[in-house]
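> One structure is given below, represented as structure tokens, and several questions about it will come after.
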Amino acid sequence: MMTESVKKPSSSASISNFGAWAMNIVSSVGIIMANKQLMSNNGYVFSFASTLTGFHFAVTALVGIVSNATGYSASKHVPFWELLWFSMVANLSITGMNFSLMLNSVGFYQISKLSMIPVVCVMEWILHNKHYTREVKISVVVVVIGVGVCTVTDVEVNLKGFTCAAIAVFSTSLQQISIGSLQKKYSVGSFELLSKTAPIQALFLLILGPFVDYYLSGKLITNYNMTYAAFLCILLSCSLAVFCNVSQYLCIGRFSAVSFQVLGHMKTVCVLTLGWLLFDSELTVKNIMGMAVAVIGMIIYSWAAEAEKKSNEKTSHHAKNSLTEEEIRLLTAGIDNIPLKDLELGKDQQD
């Protein structure tokens, strides 16, 4: 008789998971701080966000090409149309977010970003028939409330801004779900998939980005007075973007788009805290209370997600090692139909 045992994650896997999250949080917060210095009026006034994102993916693509050429990473086949479709969705997400930030108030922009968690949940339910436990749902609500309290201030809505925000939320959610789906469908690693999509995204953004930036800011990148300090800041931003992109694919590949969204709001807490420490940003009691609620929600989510994972492992293990009544009936019927001489022959062979 087979005994049930649940396979526990190894310590090395736990360390690897923690490393992926830590890399994403550190690189994301770092790139936000670098871009704030690069794009703010008190910094280098480089107001070309879409083109800068094109630079990010160009450097990421270069790293991927070097990695493949040196044999550090293997290359598996993924249909070009899948890569093209994914890249278009990802670039629509980036452009939509930039337009949403320009056309909406900061408060509504933050609300639209918070709405990604329930949107991802609904889309995973529709696309992959994925269900969530009550504890996970409660923790998601707590995180959304906490981050909303500490980030949302003025809320103004207009039709153009709402449309751009809706497109941005939908495309971003679809992009993050697709990262995990493509990795599982074609058995490709996170960095391998990124190295295939980054060149396509870079090409689109470097061609269309300057036009988008001109529409958003009224400035041409060709007229920008590039200084050595600004160039170094762009280089730093691009370097951090490589780690940020790789860690995003790693996290979604290892966990899920919902987990990436929920625990990713830890970055919001870190940005607010570092903004207060480094840039003298105002940190009110409301901000602190919101951050505390958000962190509590993230802790609850981590516990709920782990409990759900263990429950699924137990169910899967029991299904694998238990015969159903139908299987037992078929086996019994099969034995009854075996001729007696075959049974005796089997007995003789065993003897």
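Residues in the structure tokens are named by chain (A, B, ... in the order shown) and by number from 1 within that chain; ligands are numbered from 1 in the order shown.
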Applying 10 Å and only C-alpha atoms, which residues near Ser247 (chain A) remain after dropping the ones on its own chain fewer than 5 positions away? List them as JSON, numbers by chain.
{"A": [19, 20, 21, 22, 23, 24, 25, 27, 28, 190, 191, 241, 242, 252, 253]}
> I'd like the neighbourhood of Lys137 (chain A) as a CSV table (one decimal) with N, CA, C and O atoms, in the first residue's frame, where a residue qualifies if any of its atoms comes within 10 Å (using only C-alpha atoms), though same-chain residues fewer than 4 positions away should be ignored.

```
chain,number,residue,atom,x,y,z
A,118,PRO,N,-7.4,42.6,-9.7
A,118,PRO,CA,-8.7,41.9,-10.0
A,118,PRO,C,-8.9,41.6,-11.4
A,118,PRO,O,-9.4,40.6,-11.8
A,121,CYS,N,-7.0,38.5,-12.1
A,121,CYS,CA,-7.7,37.3,-11.5
A,121,CYS,C,-8.8,36.9,-12.5
A,121,CYS,O,-9.0,35.7,-12.7
A,132,TYR,N,-9.6,30.9,-7.1
A,132,TYR,CA,-8.8,31.4,-5.9
A,132,TYR,C,-9.6,31.1,-4.6
A,132,TYR,O,-10.8,31.2,-4.6
A,133,THR,N,-8.9,30.9,-3.6
A,133,THR,CA,-9.5,30.6,-2.3
A,133,THR,C,-10.0,31.9,-1.7
A,133,THR,O,-9.6,33.0,-2.1
A,141,VAL,N,-7.9,42.1,-1.5
A,141,VAL,CA,-8.7,43.3,-1.2
A,141,VAL,C,-7.9,44.2,-0.2
A,141,VAL,O,-7.9,45.4,-0.3
A,142,VAL,N,-7.3,43.5,0.8
A,142,VAL,CA,-6.5,44.3,1.8
A,142,VAL,C,-5.3,45.0,1.2
A,142,VAL,O,-5.1,46.2,1.5
A,301,TYR,N,-1.4,37.4,2.0
A,301,TYR,CA,-1.4,36.8,0.6
A,301,TYR,C,-0.4,35.7,0.5
A,301,TYR,O,-0.6,34.6,0.0
A,304,ALA,N,-1.6,32.7,2.4
A,304,ALA,CA,-2.8,32.1,1.7
A,304,ALA,C,-2.3,31.4,0.4
A,304,ALA,O,-2.8,30.2,0.1
```
> Have a look at A:Thr222, A:Asn98, A:Thr70, A:Gln176 and name the one nearest to Phe46 (chain A); count only C-alpha atoms.
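For Phe46 (chain A), the nearest of the given residues is A:Thr222.
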> From a backbone DSSP assignment, name each residue in region 15-190 of chain A labelled alpha helix (DSSP H), as a PyMOL selection string.
chain A and resi 15-39+49-69+80-103+106-114+116-128+134-151+159-186+190
> Would you mind listing, for every residue of region 2-100 of chain A within 8 Å of region 205-218 of chain A, the two atoms forming the shortest contact and the distance between them in Å to one decimal, using only C-alpha atoms, sorted by chain and ascending residue number, as CSV?

```
residue,atom,partner,partner_atom,distance
A:Ser47,CA,A:Ser217,CA,7.0
A:Phe48,CA,A:Asp213,CA,5.3
A:Ala49,CA,A:Asp213,CA,6.8
A:Ser50,CA,A:Gly209,CA,4.8
A:Thr51,CA,A:Gly209,CA,4.6
A:Thr53,CA,A:Leu205,CA,7.2
A:Gly54,CA,A:Leu205,CA,4.8
A:Phe55,CA,A:Leu206,CA,7.3
A:Asn91,CA,A:Leu205,CA,7.3
A:Thr95,CA,A:Val212,CA,7.8
A:Phe99,CA,A:Leu216,CA,7.3
```
> Can I get the selected residues back with C-alpha atoms, as a PDB file, in the first residue's frame?

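part37.pdb, written as the output of this step:
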```pdb
ATOM      1  CA  SER A  47      11.269  63.678 -20.865  1.00  0.00           C
ATOM      2  CA  PHE A  48      11.266  60.880 -23.450  1.00  0.00           C
ATOM      3  CA  ALA A  49       9.838  57.902 -21.566  1.00  0.00           C
ATOM      4  CA  SER A  50       8.865  55.729 -24.541  1.00  0.00           C
ATOM      5  CA  THR A  51      12.238  56.176 -26.252  1.00  0.00           C
ATOM      6  CA  THR A  53      12.058  52.202 -22.709  1.00  0.00           C
ATOM      7  CA  GLY A  54      13.270  51.412 -26.236  1.00  0.00           C
ATOM      8  CA  PHE A  55      16.846  51.915 -24.993  1.00  0.00           C
ATOM      9  CA  ASN A  91       4.418  47.752 -26.210  1.00  0.00           C
ATOM     10  CA  THR A  95       2.378  53.273 -24.478  1.00  0.00           C
ATOM     11  CA  PHE A  99      -0.808  58.137 -22.169  1.00  0.00           C
TER      12      PHE A  99
END
```
> Which one of A:Gly30, A:Val269, A:Tyr186, A:Ser75 sits closest to Met289 (chain A) if you count only C-alpha atoms?
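Using only C-alpha atoms, the shortest distance to Met289 (chain A) belongs to A:Val269.
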> If we count only C-alpha atoms and set the cut-off at 10 Å, which residues sit around Asn158 (chain A), ignoring sequence neighbours fewer than 4 positions away in its own chain? Please answer as an mmCIF file with N, CA, C and O atoms, in the first residue's frame.

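Output saved as out.cif:
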```cif
data_model
loop_
_atom_site.group_PDB
_atom_site.id
_atom_site.type_symbol
_atom_site.label_atom_id
_atom_site.label_comp_id
_atom_site.auth_asym_id
_atom_site.auth_seq_id
_atom_site.Cartn_x
_atom_site.Cartn_y
_atom_site.Cartn_z
ATOM 1 N N LEU A 103 -2.938 61.874 -19.425
ATOM 2 C CA LEU A 103 -4.317 62.335 -19.578
ATOM 3 C C LEU A 103 -5.129 62.279 -18.291
ATOM 4 O O LEU A 103 -6.198 62.899 -18.209
ATOM 5 N N ASN A 104 -4.659 61.528 -17.297
ATOM 6 C CA ASN A 104 -5.407 61.376 -16.049
ATOM 7 C C ASN A 104 -4.690 62.057 -14.893
ATOM 8 O O ASN A 104 -3.494 62.352 -14.965
ATOM 9 N N SER A 105 -5.437 62.267 -13.819
ATOM 10 C CA SER A 105 -4.811 62.742 -12.592
ATOM 11 C C SER A 105 -3.982 61.614 -12.004
ATOM 12 O O SER A 105 -4.179 60.434 -12.330
ATOM 13 N N PHE A 108 -6.187 58.932 -10.243
ATOM 14 C CA PHE A 108 -6.872 57.951 -11.093
ATOM 15 C C PHE A 108 -5.870 57.003 -11.735
ATOM 16 O O PHE A 108 -6.169 55.821 -11.952
ATOM 17 N N PHE A 162 -9.773 57.737 -19.396
ATOM 18 C CA PHE A 162 -10.345 56.463 -18.978
ATOM 19 C C PHE A 162 -10.103 55.395 -20.031
ATOM 20 O O PHE A 162 -9.764 54.245 -19.720
ATOM 21 N N THR A 163 -10.255 55.764 -21.315
ATOM 22 C CA THR A 163 -10.032 54.816 -22.411
ATOM 23 C C THR A 163 -8.585 54.329 -22.434
ATOM 24 O O THR A 163 -8.317 53.131 -22.565
#
```
> With only C-alpha atoms as the atoms that count, which of A:Leu277, A:Ala257, A:Met39, A:Leu250 lies nearest to Gly189 (chain A)?
A:Leu250
> Have a look at A:Val149, A:Val246, A:Val169, A:Val157 and name the one nearest to Thr284 (chain A); count only C-alpha atoms.
A:Val149
> A:Cys244, A:Leu232, A:Ala294, A:Leu283: which is nearest Tyr44 (chain A), counting only C-alpha atoms?
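Between A:Cys244, A:Leu232, A:Ala294, A:Leu283, the residue approaching Tyr44 (chain A) most closely is A:Leu232.
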> Provide the CA of Ile221 (chain A) to CA of Ile200 (chain A) distance in Å, to one decimal place.
21.3 Å
